[in-house]
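Student: Supplied structure: input.cif, mmCIF, C-alpha atoms.
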data_target
#
loop_
_atom_site.label_atom_id
_atom_site.label_comp_id
_atom_site.auth_asym_id
_atom_site.auth_seq_id
_atom_site.Cartn_x
_atom_site.Cartn_y
_atom_site.Cartn_z
CA MET A 1 28.90 0.32 31.80
CA SER A 2 31.08 1.84 29.13
CA GLU A 3 30.30 4.99 27.21
CA PRO A 4 27.97 4.45 24.23
CA LEU A 5 29.95 3.35 21.19
CA GLN A 6 27.58 4.74 18.64
CA LYS A 7 24.39 6.75 18.46
CA VAL A 8 22.32 6.36 15.32
CA GLU A 9 19.39 8.54 14.26
CA ILE A 10 17.39 7.10 11.38
CA ILE A 11 14.84 9.28 9.62
CA SER A 12 12.48 7.92 6.98
CA ASN A 13 10.74 10.52 4.84
CA GLY A 14 8.96 9.46 1.66
CA ARG A 15 6.46 11.62 -0.21
CA ALA A 16 5.06 14.66 1.57
CA GLU A 17 1.79 12.92 2.46
CA TYR A 18 3.54 9.96 4.06
CA PRO A 19 4.58 9.80 7.71
CA ASP A 20 8.06 10.62 8.99
CA VAL A 21 9.80 8.05 11.16
CA VAL A 22 12.57 8.83 13.63
CA PHE A 23 14.62 6.26 15.59
CA ASN A 24 17.21 7.36 18.17
CA LEU A 25 19.33 4.36 19.15
CA THR A 26 22.40 3.97 21.34
CA PHE A 27 24.74 0.96 21.20
CA GLU A 28 27.55 -0.29 23.42
CA GLU A 29 29.22 -3.02 21.37
CA LEU A 30 30.51 -3.23 17.80
CA ILE A 31 30.81 -6.64 16.16
CA VAL A 32 32.54 -6.76 12.77
CA LEU A 33 32.02 -9.86 10.62
CA ASP A 34 34.59 -9.55 7.83
CA PHE A 35 36.73 -11.75 5.56
CA PHE A 36 39.11 -12.58 8.40
CA SER A 37 36.52 -13.79 10.90
CA THR A 38 33.55 -15.45 9.19
CA ASP A 39 32.30 -18.22 6.96
CA PHE A 40 28.91 -19.77 6.20
CA THR A 41 29.11 -22.09 9.22
CA GLN A 42 29.47 -19.29 11.80
CA TRP A 43 26.50 -18.31 13.95
CA THR A 44 26.49 -14.92 15.64
CA THR A 45 24.40 -14.76 18.82
CA LEU A 46 23.79 -11.33 20.36
CA GLY A 47 21.92 -12.19 23.57
CA ASP A 48 21.04 -9.10 25.60
CA SER A 49 23.84 -6.91 24.27
CA ASP A 50 23.14 -3.50 22.73
CA ALA A 51 25.19 -4.14 19.64
CA VAL A 52 25.99 -2.95 16.14
CA VAL A 53 26.81 -5.85 13.82
CA LEU A 54 28.64 -4.94 10.61
CA VAL A 55 28.56 -7.74 8.02
CA ASP A 56 31.25 -7.27 5.39
CA SER A 57 31.68 -10.87 4.21
CA ASP A 58 29.95 -14.26 3.99
CA THR A 59 28.48 -15.40 7.29
CA GLY A 60 25.94 -17.77 8.75
CA PRO A 61 22.79 -16.81 10.68
CA ILE A 62 22.69 -13.86 13.07
CA VAL A 63 20.31 -14.45 15.98
CA SER A 64 19.22 -12.65 19.11
CA GLY A 65 16.84 -14.07 21.68
CA GLY A 66 17.49 -11.42 24.30
CA ASP A 67 16.17 -7.94 24.97
CA GLY A 68 19.11 -5.88 23.79
CA VAL A 69 18.83 -3.22 21.11
CA SER A 70 20.45 -4.48 17.91
CA LEU A 71 21.48 -2.90 14.63
CA VAL A 72 22.60 -5.25 11.85
CA LEU A 73 24.19 -3.51 8.87
CA VAL A 74 24.92 -5.73 5.86
CA SER A 75 27.34 -4.02 3.49
CA PRO A 76 27.26 -4.42 -0.32
CA LEU A 77 29.91 -7.15 0.19
CA GLY A 78 27.90 -8.88 2.89
CA PHE A 79 26.10 -12.22 2.47
CA VAL A 80 24.08 -13.64 5.36
CA SER A 81 22.96 -17.24 4.92
CA GLU A 82 20.59 -19.50 6.82
CA SER A 83 22.09 -22.69 8.25
CA PHE A 84 22.21 -25.93 6.32
CA THR A 85 19.50 -27.34 8.62
CA GLY A 86 17.20 -24.41 7.87
CA SER A 87 16.68 -21.29 9.98
CA ASN A 88 16.22 -17.57 9.75
CA GLY A 89 19.04 -15.69 8.09
CA LEU A 90 18.39 -12.99 10.68
CA GLY A 91 16.37 -13.90 13.77
CA LEU A 92 16.32 -10.81 15.99
CA PHE A 93 13.73 -11.45 18.66
CA GLY A 94 12.97 -9.92 22.06
CA THR A 95 11.06 -6.84 23.22
CA GLU A 96 13.54 -4.09 22.35
CA THR A 97 13.99 -2.34 19.00
CA LYS A 98 15.81 -4.24 16.25
CA VAL A 99 17.11 -2.46 13.16
CA VAL A 100 18.26 -4.13 9.94
CA VAL A 101 19.81 -2.17 7.07
CA ASN A 102 20.72 -4.40 4.13
CA PHE A 103 22.86 -3.43 1.15
CA GLY A 104 23.93 -7.00 0.40
CA ILE A 105 22.20 -10.38 0.25
CA ILE A 106 20.25 -12.11 3.03
CA PHE A 107 19.51 -15.75 2.19
CA GLY A 108 16.87 -16.92 4.66
CA ASP A 109 13.97 -15.28 6.50
CA VAL A 110 14.37 -11.98 8.31
CA ALA A 111 12.36 -12.13 11.53
CA THR A 112 11.98 -9.73 14.47
CA GLY A 113 10.23 -9.82 17.85
CA SER A 114 7.75 -7.70 19.75
CA GLY A 115 9.61 -4.38 19.77
CA ASP A 116 9.12 -1.42 17.45
CA ASP A 117 11.43 -2.64 14.70
CA LEU A 118 12.82 -1.10 11.51
CA ILE A 119 13.94 -3.09 8.45
CA VAL A 120 15.41 -1.29 5.43
CA ASN A 121 16.33 -3.25 2.30
CA PHE A 122 18.51 -1.76 -0.42
CA GLY A 123 19.77 -5.14 -1.61
CA PHE A 124 18.29 -8.63 -1.89
CA MET A 125 16.20 -10.47 0.68
CA ASP A 126 15.57 -13.84 -0.91
CA PHE A 127 12.95 -15.18 1.49
CA ASP A 128 10.24 -13.84 3.84
CA VAL A 129 10.26 -10.81 6.10
CA ARG A 130 8.37 -11.37 9.38
CA THR A 131 7.87 -8.77 12.10
CA GLY A 132 6.20 -9.51 15.41
CA ALA A 133 4.02 -7.36 17.64
CA GLY A 134 4.89 -3.68 17.87
CA ASP A 135 4.72 -0.71 15.51
CA ASP A 136 7.13 -1.91 12.86
CA ILE A 137 8.46 -0.33 9.67
CA PHE A 138 9.65 -2.05 6.53
CA ILE A 139 11.20 0.01 3.72
CA ASN A 140 12.10 -1.62 0.42
CA ASP A 141 14.12 0.92 -1.50
CA GLN A 142 16.76 1.31 -4.18
CA ILE A 143 19.84 3.45 -3.88
CA ASN A 144 22.43 4.88 -6.25
CA PHE A 145 24.80 7.46 -4.83
CA GLU A 146 28.37 7.79 -3.54
CA GLY A 147 29.39 4.48 -5.07
CA LEU A 148 26.59 2.51 -3.43
CA SER A 149 23.94 0.76 -5.47
CA GLY A 150 21.21 -1.65 -4.54
CA SER A 151 18.12 -3.20 -5.98
CA GLY A 152 15.50 -3.38 -3.25
CA VAL A 153 14.14 -6.86 -4.06
CA VAL A 154 12.25 -9.22 -1.73
CA GLY A 155 11.73 -12.75 -3.04
CA GLY A 156 9.26 -13.93 -0.41
CA THR A 157 6.26 -12.54 1.47
CA VAL A 158 6.26 -9.62 3.90
CA PHE A 159 4.33 -10.48 7.07
CA MET A 160 3.82 -7.50 9.37
CA GLY A 161 2.56 -8.56 12.80
CA SER A 162 0.07 -6.84 15.09
CA GLY A 163 0.61 -3.13 15.65
CA ASP A 164 0.38 0.03 13.56
CA ASP A 165 2.87 -0.86 10.86
CA ILE A 166 4.29 1.01 7.86
CA VAL A 167 5.47 -0.52 4.58
CA LEU A 168 7.07 1.70 1.92
CA ASN A 169 8.14 0.28 -1.44
CA SER A 170 10.06 1.74 -4.37
CA ASN A 171 11.01 -1.44 -6.22
CA GLN A 172 9.97 -5.13 -6.08
CA LEU A 173 8.06 -6.91 -3.34
CA GLY A 174 6.15 -10.16 -3.21
CA ASP A 175 2.87 -10.43 -1.33
CA VAL A 176 2.36 -8.14 1.67
CA ASN A 177 0.24 -9.01 4.72
CA LEU A 178 -0.09 -5.93 6.93
CA GLY A 179 -1.62 -7.84 9.86
CA ASP A 180 -3.72 -6.35 12.66
CA GLY A 181 -3.60 -2.66 13.49
CA ASP A 182 -3.98 0.65 11.67
CA ASP A 183 -1.40 0.11 8.95
CA PHE A 184 0.01 2.15 6.06
CA PHE A 185 1.36 0.97 2.69
CA ALA A 186 2.60 3.14 -0.17
CA ALA A 187 4.91 3.54 -3.12
CA ILE A 188 7.70 6.00 -2.35
CA THR A 189 10.34 8.16 -3.99
CA PRO A 190 13.56 6.13 -3.72
CA LEU A 191 16.90 7.38 -2.42
CA SER A 192 18.24 6.92 -5.95
CA GLY A 193 16.57 10.26 -6.62
CA GLU A 194 14.18 9.06 -9.33
CA ASP A 195 10.49 9.53 -8.60
CA ASN A 196 9.22 5.97 -8.91
CA PHE A 197 5.62 6.67 -7.98
CA ASP A 198 4.65 6.24 -11.64
CA ASN A 199 7.37 3.74 -12.55
CA PRO A 200 5.96 0.45 -13.92
CA ASP A 201 9.03 -1.36 -12.58
CA VAL A 202 7.68 -0.91 -9.04
CA ILE A 203 6.01 -4.26 -8.44
CA THR A 204 4.04 -5.48 -5.46
CA GLY A 205 2.11 -8.73 -5.15
CA THR A 206 -1.21 -9.01 -3.33
CA ILE A 207 -1.61 -6.49 -0.50
CA SER A 208 -3.77 -7.76 2.38
CA ALA A 209 -4.49 -4.98 4.87
CA GLY A 210 -5.96 -7.20 7.60
CA ARG A 211 -7.82 -5.91 10.64
CA GLY A 212 -7.79 -2.24 11.53
CA GLU A 213 -8.27 1.07 9.74
CA ASP A 214 -5.64 0.82 7.04
CA THR A 215 -4.41 3.12 4.27
CA VAL A 216 -2.99 1.66 1.06
CA PHE A 217 -1.56 3.47 -1.98
CA GLY A 218 -0.92 1.07 -4.86
CA GLY A 219 1.72 1.68 -7.51
CA ALA A 220 1.89 1.85 -11.27
CA ASN A 221 1.27 -1.85 -11.92
CA ASP A 222 -1.85 -4.01 -11.68
CA ASP A 223 -2.42 -4.12 -7.93
CA ARG A 224 -4.51 -6.60 -5.94
CA ILE A 225 -5.57 -4.98 -2.67
CA PHE A 226 -7.79 -6.51 0.02
CA GLY A 227 -8.95 -4.31 2.89
CA GLY A 228 -10.15 -6.89 5.41
CA SER A 229 -11.87 -5.75 8.62
CA GLY A 230 -11.97 -2.06 9.47
CA SER A 231 -12.78 1.18 7.66
CA ASP A 232 -9.96 1.35 5.12
CA ILE A 233 -8.74 3.86 2.53
CA LEU A 234 -7.59 1.93 -0.55
CA ASN A 235 -6.08 3.56 -3.65
CA GLY A 236 -5.05 1.77 -6.82
CA HIS A 237 -3.21 4.59 -8.65
CA ASN A 238 -2.13 3.35 -12.13
CA GLY A 239 -2.71 -0.09 -13.62
CA ASP A 240 -5.71 -2.40 -13.94
CA ASP A 241 -6.32 -2.82 -10.22
CA TYR A 242 -8.53 -5.23 -8.27
CA ILE A 243 -9.53 -3.75 -4.91
CA ALA A 244 -11.89 -5.34 -2.37
CA GLY A 245 -12.88 -3.36 0.70
CA GLY A 246 -13.99 -6.10 3.08
CA ASN A 247 -16.04 -5.20 6.16
CA GLN A 248 -17.16 -1.78 7.49
CA LYS A 249 -17.06 1.59 5.70
CA ASP A 250 -14.30 1.72 3.11
CA ARG A 251 -13.18 4.43 0.68
CA ILE A 252 -11.88 2.92 -2.55
CA ASN A 253 -10.34 4.85 -5.45
CA GLY A 254 -9.29 2.98 -8.57
CA GLY A 255 -7.18 5.75 -10.11
CA ASN A 256 -6.18 5.39 -13.76
CA ASP A 257 -6.83 2.47 -16.13
CA ASP A 258 -9.48 -0.27 -16.01
CA ASP A 259 -10.19 -1.23 -12.41
CA VAL A 260 -12.49 -3.60 -10.54
CA LEU A 261 -13.69 -2.18 -7.20
CA LEU A 262 -15.69 -4.22 -4.68
CA GLY A 263 -17.15 -2.56 -1.61
CA GLN A 264 -18.36 -5.85 -0.10
CA ASN A 265 -19.82 -5.32 3.40
CA GLY A 266 -20.54 -1.88 4.87
CA SER A 267 -21.57 1.49 3.46
CA ASP A 268 -18.69 2.13 1.10
CA ARG A 269 -17.60 4.94 -1.24
CA LEU A 270 -16.27 3.74 -4.59
CA SER A 271 -14.69 5.98 -7.20
CA GLY A 272 -13.46 4.51 -10.46
CA GLY A 273 -11.35 7.44 -11.68
CA LYS A 274 -10.13 7.26 -15.27
CA GLY A 275 -10.68 4.10 -17.28
CA ASP A 276 -13.44 1.60 -18.05
CA ASP A 277 -14.14 0.47 -14.50
CA THR A 278 -16.41 -2.07 -12.83
CA LEU A 279 -17.83 -1.00 -9.46
CA LYS A 280 -19.84 -3.28 -7.15
CA GLY A 281 -21.09 -1.89 -3.88
CA GLY A 282 -22.13 -5.12 -2.18
CA ASN A 283 -24.04 -4.97 1.11
CA GLY A 284 -24.86 -1.59 2.62
CA ALA A 285 -25.80 1.90 1.45
CA ASP A 286 -22.96 2.57 -0.99
CA ARG A 287 -21.96 5.60 -3.05
CA LEU A 288 -20.62 4.78 -6.52
CA SER A 289 -18.97 7.17 -8.97
CA GLY A 290 -17.57 5.68 -12.15
CA GLY A 291 -15.49 8.70 -13.11
CA LYS A 292 -14.38 9.25 -16.69
CA GLN A 293 -14.94 6.81 -19.56
CA ASP A 294 -17.39 3.90 -19.74
CA ASP A 295 -18.12 2.23 -16.41
CA VAL A 296 -20.43 -0.51 -15.12
CA LEU A 297 -22.00 0.16 -11.70
CA THR A 298 -23.76 -2.39 -9.51
CA GLY A 299 -25.06 -1.16 -6.17
CA GLY A 300 -25.97 -4.47 -4.58
CA THR A 301 -28.25 -4.64 -1.54
CA GLY A 302 -29.03 -1.44 0.35
CA SER A 303 -30.05 2.07 -0.66
CA ASP A 304 -27.28 3.07 -3.04
CA THR A 305 -26.36 6.41 -4.62
CA PHE A 306 -24.97 6.60 -8.17
CA ILE A 307 -23.10 9.83 -8.84
CA PHE A 308 -22.60 11.38 -12.29
CA SER A 309 -21.12 14.68 -13.42
CA LYS A 310 -19.52 16.25 -16.47
CA ALA A 311 -17.65 13.93 -18.87
CA THR A 312 -18.42 10.72 -17.00
CA GLY A 313 -18.68 8.74 -20.23
CA HIS A 314 -21.30 6.11 -21.12
CA ASP A 315 -22.03 4.38 -17.83
CA THR A 316 -24.43 1.56 -17.03
CA ILE A 317 -26.26 0.83 -13.77
CA THR A 318 -27.14 -2.86 -13.70
CA ASP A 319 -29.47 -3.11 -10.70
CA PHE A 320 -31.24 0.21 -10.08
CA GLU A 321 -34.18 -0.13 -7.68
CA ALA A 322 -36.77 2.25 -6.24
CA ARG A 323 -34.74 2.75 -3.05
CA ASP A 324 -31.66 3.90 -5.01
CA VAL A 325 -30.73 7.44 -6.03
CA VAL A 326 -29.06 8.96 -9.09
CA GLN A 327 -27.19 12.10 -8.08
CA LEU A 328 -26.11 14.63 -10.72
CA SER A 329 -23.23 16.75 -9.43
CA ASN A 330 -21.56 19.96 -10.65
CA VAL A 331 -24.37 21.58 -12.65
CA PHE A 332 -23.67 25.32 -12.33
CA ILE A 333 -22.85 27.69 -15.22
CA ALA A 334 -21.77 31.17 -14.12
CA GLY A 335 -23.83 30.86 -10.93
CA THR A 336 -26.95 29.57 -12.69
CA PRO A 337 -28.15 25.93 -12.77
CA ALA A 338 -27.43 24.42 -16.19
CA PHE A 339 -30.70 22.49 -16.16
CA ASP A 340 -33.66 21.61 -13.97
CA ASP A 341 -35.79 18.54 -13.32
CA ALA A 342 -37.81 19.11 -16.48
CA ASP A 343 -34.66 19.16 -18.61
CA VAL A 344 -33.54 15.84 -17.14
CA LEU A 345 -36.90 14.16 -17.62
CA ALA A 346 -37.01 15.43 -21.21
CA ASN A 347 -33.74 13.62 -21.92
CA ILE A 348 -34.83 10.20 -20.65
CA THR A 349 -35.81 7.57 -23.19
CA TYR A 350 -37.03 4.02 -22.56
CA ALA A 351 -36.10 0.92 -24.53
CA GLU A 352 -36.16 -2.81 -23.72
CA GLY A 353 -36.88 -2.28 -20.04
CA ASN A 354 -34.14 0.30 -19.53
CA ALA A 355 -34.27 4.05 -19.07
CA VAL A 356 -31.51 5.95 -20.84
CA LEU A 357 -30.57 9.41 -19.58
CA ASP A 358 -28.48 11.32 -22.15
CA LEU A 359 -26.75 14.37 -20.66
CA THR A 360 -24.64 15.14 -23.73
CA ALA A 361 -26.68 18.21 -24.66
CA LEU A 362 -26.71 19.58 -21.10
CA TYR A 363 -23.49 21.32 -20.11
CA LEU A 364 -22.41 20.44 -16.56
CA GLY A 365 -20.44 23.13 -14.78
CA ALA A 366 -19.49 22.99 -11.10
CA GLY A 367 -21.28 23.35 -7.82
CA LEU A 368 -24.90 22.19 -7.46
CA ASN A 369 -25.96 18.70 -6.40
CA THR A 370 -29.41 17.60 -7.63
CA GLN A 371 -30.88 14.17 -6.91
CA PHE A 372 -33.25 12.09 -9.08
CA ASN A 373 -34.86 8.72 -8.45
CA VAL A 374 -35.31 6.86 -11.75
CA GLN A 375 -35.97 3.13 -11.76
CA GLY A 376 -34.13 0.86 -14.21
CA ILE A 377 -31.69 3.44 -15.57
CA SER A 378 -28.73 3.16 -17.92
CA VAL A 379 -26.88 6.47 -18.15
CA THR A 380 -24.99 7.72 -21.20
#
Go through the file and emit its structure as structure tokens.
Tutor:
Amino acid sequence: MSEPLQKVEIISNGRAEYPDVVFNLTFEELIVLDFFSTDFTQWTTLGDSDAVVLVDSDTGPIVSGGDGVSLVLVSPLGFVSESFTGSNGLGLFGTETKVVVNFGIIFGDVATGSGDDLIVNFGFMDFDVRTGAGDDIFINDQINFEGLSGSGVVGGTVFMGSGDDIVLNSNQLGDVNLGDGDDFFAAITPLSGEDNFDNPDVITGTISAGRGEDTVFGGANDDRIFGGSGSDILNGHNGDDYIAGGNQKDRINGGNDDDVLLGQNGSDRLSGGKGDDTLKGGNGADRLSGGKQDDVLTGGTGSDTFIFSKATGHDTITDFEARDVVQLSNVFIAGTPAFDDADVLANITYAEGNAVLDLTALYLGAGLNTQFNVQGISVT
């Protein structure tokens, strides 16, 4: 066996709270597909070779059914096309690691096998991205330095297979299905240097977390996030988000703007954040906090807790029952409670079957949690 031709270390590091990823890969063969050797009708088959494939022109599909380690690098001048009969643009299967770094255009699906694979897109992927079993990583990024520029656009759906997968996005994705496993999705700071975490041009379609304990950070647009099975952490960030927890105990945070949060099954924790939010706990003993501005809270079945503190706005509880609890948080002023039970009861009025608790005159500081059971309450 010859000496390794190339050793590549790939490090992915997004925002500080996101995981680092390190790949150390060694290759034995270099295949260059350039203007002098390729056209749309050419297929490149890698087999079991540990190969680097450099695409610097127009070429047909690149496939691997063996167990070799493969790195496919598509330059800004590269164009990989599916066959006229239909196929993957890149079909890199097998049990070993496959790495795809795209600066150009891939016309056709990008599919990998059961290894721990890495796909990085700085250019255009016009169809679907499909990873198999294994702990896979997909990064959709944009770049602008040293004469290189790319868009980071995926026209189809991203299907992550089983395994603990990571998807990081700084530009435009279609729908994302994270599959089974404890997965992670987030907006990232792109290599272009601009912090896109609050950029409304970062677009993602519906995010389906699937089975497992998943973590999702939405972007600046109107996200649609579905947790599925497992105890998930789901964050909307900016935009008018729609987030559904699914089964088990989920933590859902709407972030800014007017969000709809659904706990569904399990004892969930819902926090609306800023904006006029709608929170529905569903089945289970849920904890609902509308946050700032005017929110509508529905506990659903189970013994639910509705949490209010300073500057929560004019909130409405639609289904308060005797088993539910209203919890007033952060009621200290200079070490002394701002009010007691008598103060609260004195500020409750009743009209048309509803109890209205007005806390405007009672300053809420920080620290003490006091609980009150009040049936049929609308809080302002």
Student: If we count all atoms listed in the file, what is near range 305-313 of chain A at a cut-off of 7 Å, once residues fewer than 5 positions away on the same chain are taken out, given as a compact mmCIF listing (two decimals) with C-alpha atoms, in the coordinates of the input?
Tutor:
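See selection20.txt below for the written result:
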# COMPACT_ATOMS: atom_id res chain seq x y z
CA ASP A 286 -22.96 2.57 -0.99
CA ARG A 287 -21.96 5.60 -3.05
CA LEU A 288 -20.62 4.78 -6.52
CA SER A 289 -18.97 7.17 -8.97
CA GLY A 291 -15.49 8.70 -13.11
CA LYS A 292 -14.38 9.25 -16.69
CA GLN A 293 -14.94 6.81 -19.56
CA ASP A 294 -17.39 3.90 -19.74
CA ASP A 324 -31.66 3.90 -5.01
CA VAL A 325 -30.73 7.44 -6.03
CA VAL A 326 -29.06 8.96 -9.09
CA GLN A 327 -27.19 12.10 -8.08
CA LEU A 328 -26.11 14.63 -10.72
CA SER A 329 -23.23 16.75 -9.43
CA ASN A 330 -21.56 19.96 -10.65
CA LEU A 364 -22.41 20.44 -16.56
CA THR A 380 -24.99 7.72 -21.20
Student: Residues picked by the PyMOL selection byres ((chain A and resi 183) around 6) here, as a ChimeraX atom specification?
Tutor: /A:164-166,181-182,184,214
Student: CA of Leu54 in chain A and CA of Glu82 in chain A, how far apart in Å?
Tutor: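 CA of Glu82 in chain A sits 17.1 Å away from CA of Leu54 in chain A.
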Student: Quick check on the file I pasted: which residues fall under the PyMOL selection byres ((chain A and resi 250-266) around 7)? Write them as a PDB file with C-alpha atoms, keeping the file's coordinate frame.
Tutor:
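That gives us out_11.pdb:
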ATOM      1  CA  SER A 231     -12.780   1.180   7.660  1.00  0.00           C
ATOM      2  CA  ASP A 232      -9.960   1.350   5.120  1.00  0.00           C
ATOM      3  CA  ILE A 233      -8.740   3.860   2.530  1.00  0.00           C
ATOM      4  CA  LEU A 234      -7.590   1.930  -0.550  1.00  0.00           C
ATOM      5  CA  ASN A 235      -6.080   3.560  -3.650  1.00  0.00           C
ATOM      6  CA  GLY A 236      -5.050   1.770  -6.820  1.00  0.00           C
ATOM      7  CA  HIS A 237      -3.210   4.590  -8.650  1.00  0.00           C
ATOM      8  CA  ASN A 238      -2.130   3.350 -12.130  1.00  0.00           C
ATOM      9  CA  GLY A 239      -2.710  -0.090 -13.620  1.00  0.00           C
ATOM     10  CA  ASP A 240      -5.710  -2.400 -13.940  1.00  0.00           C
ATOM     11  CA  ASP A 241      -6.320  -2.820 -10.220  1.00  0.00           C
ATOM     12  CA  TYR A 242      -8.530  -5.230  -8.270  1.00  0.00           C
ATOM     13  CA  ILE A 243      -9.530  -3.750  -4.910  1.00  0.00           C
ATOM     14  CA  ALA A 244     -11.890  -5.340  -2.370  1.00  0.00           C
ATOM     15  CA  GLY A 245     -12.880  -3.360   0.700  1.00  0.00           C
ATOM     16  CA  GLY A 246     -13.990  -6.100   3.080  1.00  0.00           C
ATOM     17  CA  ASN A 247     -16.040  -5.200   6.160  1.00  0.00           C
ATOM     18  CA  GLN A 248     -17.160  -1.780   7.490  1.00  0.00           C
ATOM     19  CA  LYS A 249     -17.060   1.590   5.700  1.00  0.00           C
ATOM     20  CA  SER A 267     -21.570   1.490   3.460  1.00  0.00           C
ATOM     21  CA  ASP A 268     -18.690   2.130   1.100  1.00  0.00           C
ATOM     22  CA  ARG A 269     -17.600   4.940  -1.240  1.00  0.00           C
ATOM     23  CA  LEU A 270     -16.270   3.740  -4.590  1.00  0.00           C
ATOM     24  CA  SER A 271     -14.690   5.980  -7.200  1.00  0.00           C
ATOM     25  CA  GLY A 272     -13.460   4.510 -10.460  1.00  0.00           C
ATOM     26  CA  GLY A 273     -11.350   7.440 -11.680  1.00  0.00           C
ATOM     27  CA  LYS A 274     -10.130   7.260 -15.270  1.00  0.00           C
ATOM     28  CA  GLY A 275     -10.680   4.100 -17.280  1.00  0.00           C
ATOM     29  CA  ASP A 276     -13.440   1.600 -18.050  1.00  0.00           C
ATOM     30  CA  ASP A 277     -14.140   0.470 -14.500  1.00  0.00           C
ATOM     31  CA  THR A 278     -16.410  -2.070 -12.830  1.00  0.00           C
ATOM     32  CA  LEU A 279     -17.830  -1.000  -9.460  1.00  0.00           C
ATOM     33  CA  LYS A 280     -19.840  -3.280  -7.150  1.00  0.00           C
ATOM     34  CA  GLY A 281     -21.090  -1.890  -3.880  1.00  0.00           C
ATOM     35  CA  GLY A 282     -22.130  -5.120  -2.180  1.00  0.00           C
ATOM     36  CA  ASN A 283     -24.040  -4.970   1.110  1.00  0.00           C
ATOM     37  CA  GLY A 284     -24.860  -1.590   2.620  1.00  0.00           C
TER      38      GLY A 284
END
Student: In Å to one decimal, how far is CA of Leu118 in chain A from CA of Ala209 in chain A?
Tutor: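 If I compute the distance from CA of Ala209 in chain A to CA of Leu118 in chain A, I get 18.9 Å.
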Student: Excluding Gly152 in chain A and residues on its chain fewer than 3 positions from it, collect all residues at most 10 Å away from it, counting all atoms listed in the file, and give them as a PyMOL selection string.
Tutor: chain A and resi 102-104+120-125+139-143+149+169-173+190
Student: What would the selection look like, as a count of residues only, if the PyMOL selection byres ((chain A and resi 68) around 10) were run on the coordinates I just shared?
Tutor: 21
Student: Can you tell me how far CA of Thr316 in chain A sits from CA of Val296 in chain A, in Å to one decimal?
Tutor: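 Taking CA of Thr316 in chain A and CA of Val296 in chain A, their separation equals 4.9 Å.
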Student: Give me, as a list in words, all polymer residues having an atom no more than 12 Å from Leu33 in chain A, counting only C-alpha atoms and skipping those fewer than 3 positions away in the same chain.
Tutor: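 Result of the neighbour search: Leu30, Phe36, Ser37, Thr38, Asp39, Phe40, Gln42, Trp43, Thr44, Val52, Val53, Leu54, Val55, Asp56, Ser57, Asp58, Thr59, Gly60, Pro61, Ile62, Val72, Leu73, Val74, Ser75, Leu77, Gly78, Phe79 and Val80 of chain A.
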Student: Output C-alpha atoms for every residue in that selection, as a PDB file, keeping the file's coordinate frame.
Tutor:
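selection-v5.pdb, written as the output of this step:
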ATOM      1  CA  LEU A  30      30.510  -3.230  17.800  1.00  0.00           C
ATOM      2  CA  PHE A  36      39.110 -12.580   8.400  1.00  0.00           C
ATOM      3  CA  SER A  37      36.520 -13.790  10.900  1.00  0.00           C
ATOM      4  CA  THR A  38      33.550 -15.450   9.190  1.00  0.00           C
ATOM      5  CA  ASP A  39      32.300 -18.220   6.960  1.00  0.00           C
ATOM      6  CA  PHE A  40      28.910 -19.770   6.200  1.00  0.00           C
ATOM      7  CA  GLN A  42      29.470 -19.290  11.800  1.00  0.00           C
ATOM      8  CA  TRP A  43      26.500 -18.310  13.950  1.00  0.00           C
ATOM      9  CA  THR A  44      26.490 -14.920  15.640  1.00  0.00           C
ATOM     10  CA  VAL A  52      25.990  -2.950  16.140  1.00  0.00           C
ATOM     11  CA  VAL A  53      26.810  -5.850  13.820  1.00  0.00           C
ATOM     12  CA  LEU A  54      28.640  -4.940  10.610  1.00  0.00           C
ATOM     13  CA  VAL A  55      28.560  -7.740   8.020  1.00  0.00           C
ATOM     14  CA  ASP A  56      31.250  -7.270   5.390  1.00  0.00           C
ATOM     15  CA  SER A  57      31.680 -10.870   4.210  1.00  0.00           C
ATOM     16  CA  ASP A  58      29.950 -14.260   3.990  1.00  0.00           C
ATOM     17  CA  THR A  59      28.480 -15.400   7.290  1.00  0.00           C
ATOM     18  CA  GLY A  60      25.940 -17.770   8.750  1.00  0.00           C
ATOM     19  CA  PRO A  61      22.790 -16.810  10.680  1.00  0.00           C
ATOM     20  CA  ILE A  62      22.690 -13.860  13.070  1.00  0.00           C
ATOM     21  CA  VAL A  72      22.600  -5.250  11.850  1.00  0.00           C
ATOM     22  CA  LEU A  73      24.190  -3.510   8.870  1.00  0.00           C
ATOM     23  CA  VAL A  74      24.920  -5.730   5.860  1.00  0.00           C
ATOM     24  CA  SER A  75      27.340  -4.020   3.490  1.00  0.00           C
ATOM     25  CA  LEU A  77      29.910  -7.150   0.190  1.00  0.00           C
ATOM     26  CA  GLY A  78      27.900  -8.880   2.890  1.00  0.00           C
ATOM     27  CA  PHE A  79      26.100 -12.220   2.470  1.00  0.00           C
ATOM     28  CA  VAL A  80      24.080 -13.640   5.360  1.00  0.00           C
TER      29      VAL A  80
END
